[in-house]
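To keep things clear, I will list the structure first and then write my remarks on it.
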Amino acid sequence: MDKVFIRGLQAHTVIGIYDWEQRAERPLIIDIVVGVDTRAAAASDNIRDAVNYHAISDAVMAFVKGENVHLLETMAERLARFLFAEFPIDTLELRIAKPGAVPGVDAVGVEIERQRGDYAVCGAR
Ligand SMILES: Nc1nc2c(c(=O)[nH]1)N=C([C@H](O)[C@@H](O)CO)CN2
């Protein structure tokens, strides 16, 4: 499977389980790998045939900003559903890190992997 990736996207939102976290936006660092067949884009050399990583980046920043949840797990799942709905991707690897969330730790976060079939009408979770 071919991949298109976005690494280190910074998206600001209100998120967290504590009251103080719900009072201000903070940055999340997001890594995305989408599985796509890149052969049509390679053959035409036209962005219309590609999954546009700039468009995904802009969409992710806007989506994350608009969601106000407690858990990274919830954000990840909602973002995954959104990406499959908006873009012609076959698979998704999504990692969301929350800088500074735990003192003395390099990074904490959540990583999920989904396929388009996970969101089919029958058997949707
Ligand atoms: N598995 C998770 N653990 C924790 C989360 C989370 O979203 N998923 N969130 C927090 C707090 O909001 C934390 O980031 C603040 O220190 C703690 N654990």
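If you're wondering about the labels, chains in the structure tokens are A, B, ... by order shown, residues count from 1 in each chain, ligands from 1 in order shown.
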Discussion item. Could you list, as an MDAnalysis selection string, all protein and nucleic acid residues with an atom at most 9 Å from ligand 1, counting only C-alpha atoms and all ligand atoms?
Written reply: chainID A and resid 15:18 21 69:75 98:103 108:110
Fill in: Neighbour list for A:Val64 as a list of chain:residue names, cut-off 12 Å, only C-alpha atoms, skip fewer than 5 positions in-chain
A:Leu9, A:Gln10, A:Ala11, A:His12, A:Thr13, A:Val14, A:Ile15, A:Glu25, A:Arg26, A:Pro27, A:Leu28, A:Ile29, A:Ile30, A:Ile56, A:Ser57, A:Asp58, A:Ala59, A:Val69, A:Leu72, A:Thr74, A:Met75, A:Ala76, A:Glu77, A:Arg78, A:Leu79, A:Ala80, A:Phe82, A:Leu83, A:Ile96
Only C-alpha atoms, please: the residues just picked out, written as an mmCIF file, in the first residue's frame.
data_model
loop_
_atom_site.group_PDB
_atom_site.id
_atom_site.type_symbol
_atom_site.label_atom_id
_atom_site.label_comp_id
_atom_site.auth_asym_id
_atom_site.auth_seq_id
_atom_site.Cartn_x
_atom_site.Cartn_y
_atom_site.Cartn_z
ATOM 1 C CA LEU A 9 1.195 18.931 12.511
ATOM 2 C CA GLN A 10 0.433 21.364 15.313
ATOM 3 C CA ALA A 11 -3.280 21.790 16.028
ATOM 4 C CA HIS A 12 -4.704 23.905 18.845
ATOM 5 C CA THR A 13 -7.758 22.937 20.835
ATOM 6 C CA VAL A 14 -9.326 22.723 24.277
ATOM 7 C CA ILE A 15 -8.819 19.187 25.581
ATOM 8 C CA GLU A 25 -6.439 25.989 24.107
ATOM 9 C CA ARG A 26 -3.228 23.966 23.943
ATOM 10 C CA PRO A 27 -1.282 22.439 21.091
ATOM 11 C CA LEU A 28 -1.528 18.826 20.038
ATOM 12 C CA ILE A 29 1.101 17.298 17.758
ATOM 13 C CA ILE A 30 -0.432 15.042 15.128
ATOM 14 C CA ILE A 56 -5.687 17.217 4.832
ATOM 15 C CA SER A 57 -3.492 19.397 7.060
ATOM 16 C CA ASP A 58 -5.844 22.381 6.811
ATOM 17 C CA ALA A 59 -8.883 20.171 7.411
ATOM 18 C CA VAL A 69 -13.440 16.713 24.359
ATOM 19 C CA LEU A 72 -7.219 12.034 23.271
ATOM 20 C CA THR A 74 -12.160 10.587 21.669
ATOM 21 C CA MET A 75 -10.380 13.161 19.542
ATOM 22 C CA ALA A 76 -8.532 10.433 17.627
ATOM 23 C CA GLU A 77 -11.690 8.456 16.891
ATOM 24 C CA ARG A 78 -13.665 11.510 15.788
ATOM 25 C CA LEU A 79 -10.796 12.689 13.614
ATOM 26 C CA ALA A 80 -10.469 9.261 12.012
ATOM 27 C CA PHE A 82 -13.887 12.700 9.687
ATOM 28 C CA LEU A 83 -10.869 11.850 7.523
ATOM 29 C CA ILE A 96 -1.875 12.436 18.666
#
Discussion item. Under the rule that only C-alpha atoms are counted, which of A:Asn68, A:Thr38, A:Gln115, A:Ser44 is the nearest residue to A:Asp90?
Written reply: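 With only C-alpha atoms as the atom set, the closest residue is A:Gln115.
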Item to complete: Could you give me, as a VMD selection string, each residue of chain A that DSSP assigns to helix (DSSP H, G or I) when run on this structure's backbone?
Response: chain A and resid 19 to 23 39 to 44 47 to 49 53 to 66 72 to 86 116 to 119
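What separates atom CA of A:Lys3 from atom CA of A:Arg48 is a distance of 16.7 Å.
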Worksheet entry | All strand (DSSP E or B) positions in stretch 55-122 of chain A, as a PyMOL selection string | chain A and resi 69+91-97+109-115
Fill in: Close residues, A:Asp2 itself excluded, 10 Å, only C-alpha atoms, min 4 positions apart in chain, as a ChimeraX atom specification
/A:33-39,90
Item to complete: Would you mind telling me which residue in A:Val4, A:Ala85, A:Ala55, A:Leu94 lies nearest to A:Ile32 when using only C-alpha atoms?
Response: A:Leu94
Worksheet item: So how many Å separate atom CA of A:Glu111 and atom CA of A:Leu92, to one decimal?
Response: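 Computing it gives 10.4 Å between the two atoms.
Across A:Thr91, A:Phe5, A:Ala50, A:Asp106, the tightest approach to A:Tyr119 is made by A:Thr91 when counting only C-alpha atoms.
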Worksheet entry | Interatomic distance, atom CA of A:Pro88 to atom CA of A:Ile47 (Å, one decimal) |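 Calculated distance between atom CA of A:Pro88 and atom CA of A:Ile47 is 13.4 Å.
For the set A:Gly8, A:Lys65, A:Asn46, A:Ala40, the residue with the smallest atom-to-atom gap to A:Ala24 is A:Lys65, counting only C-alpha atoms.
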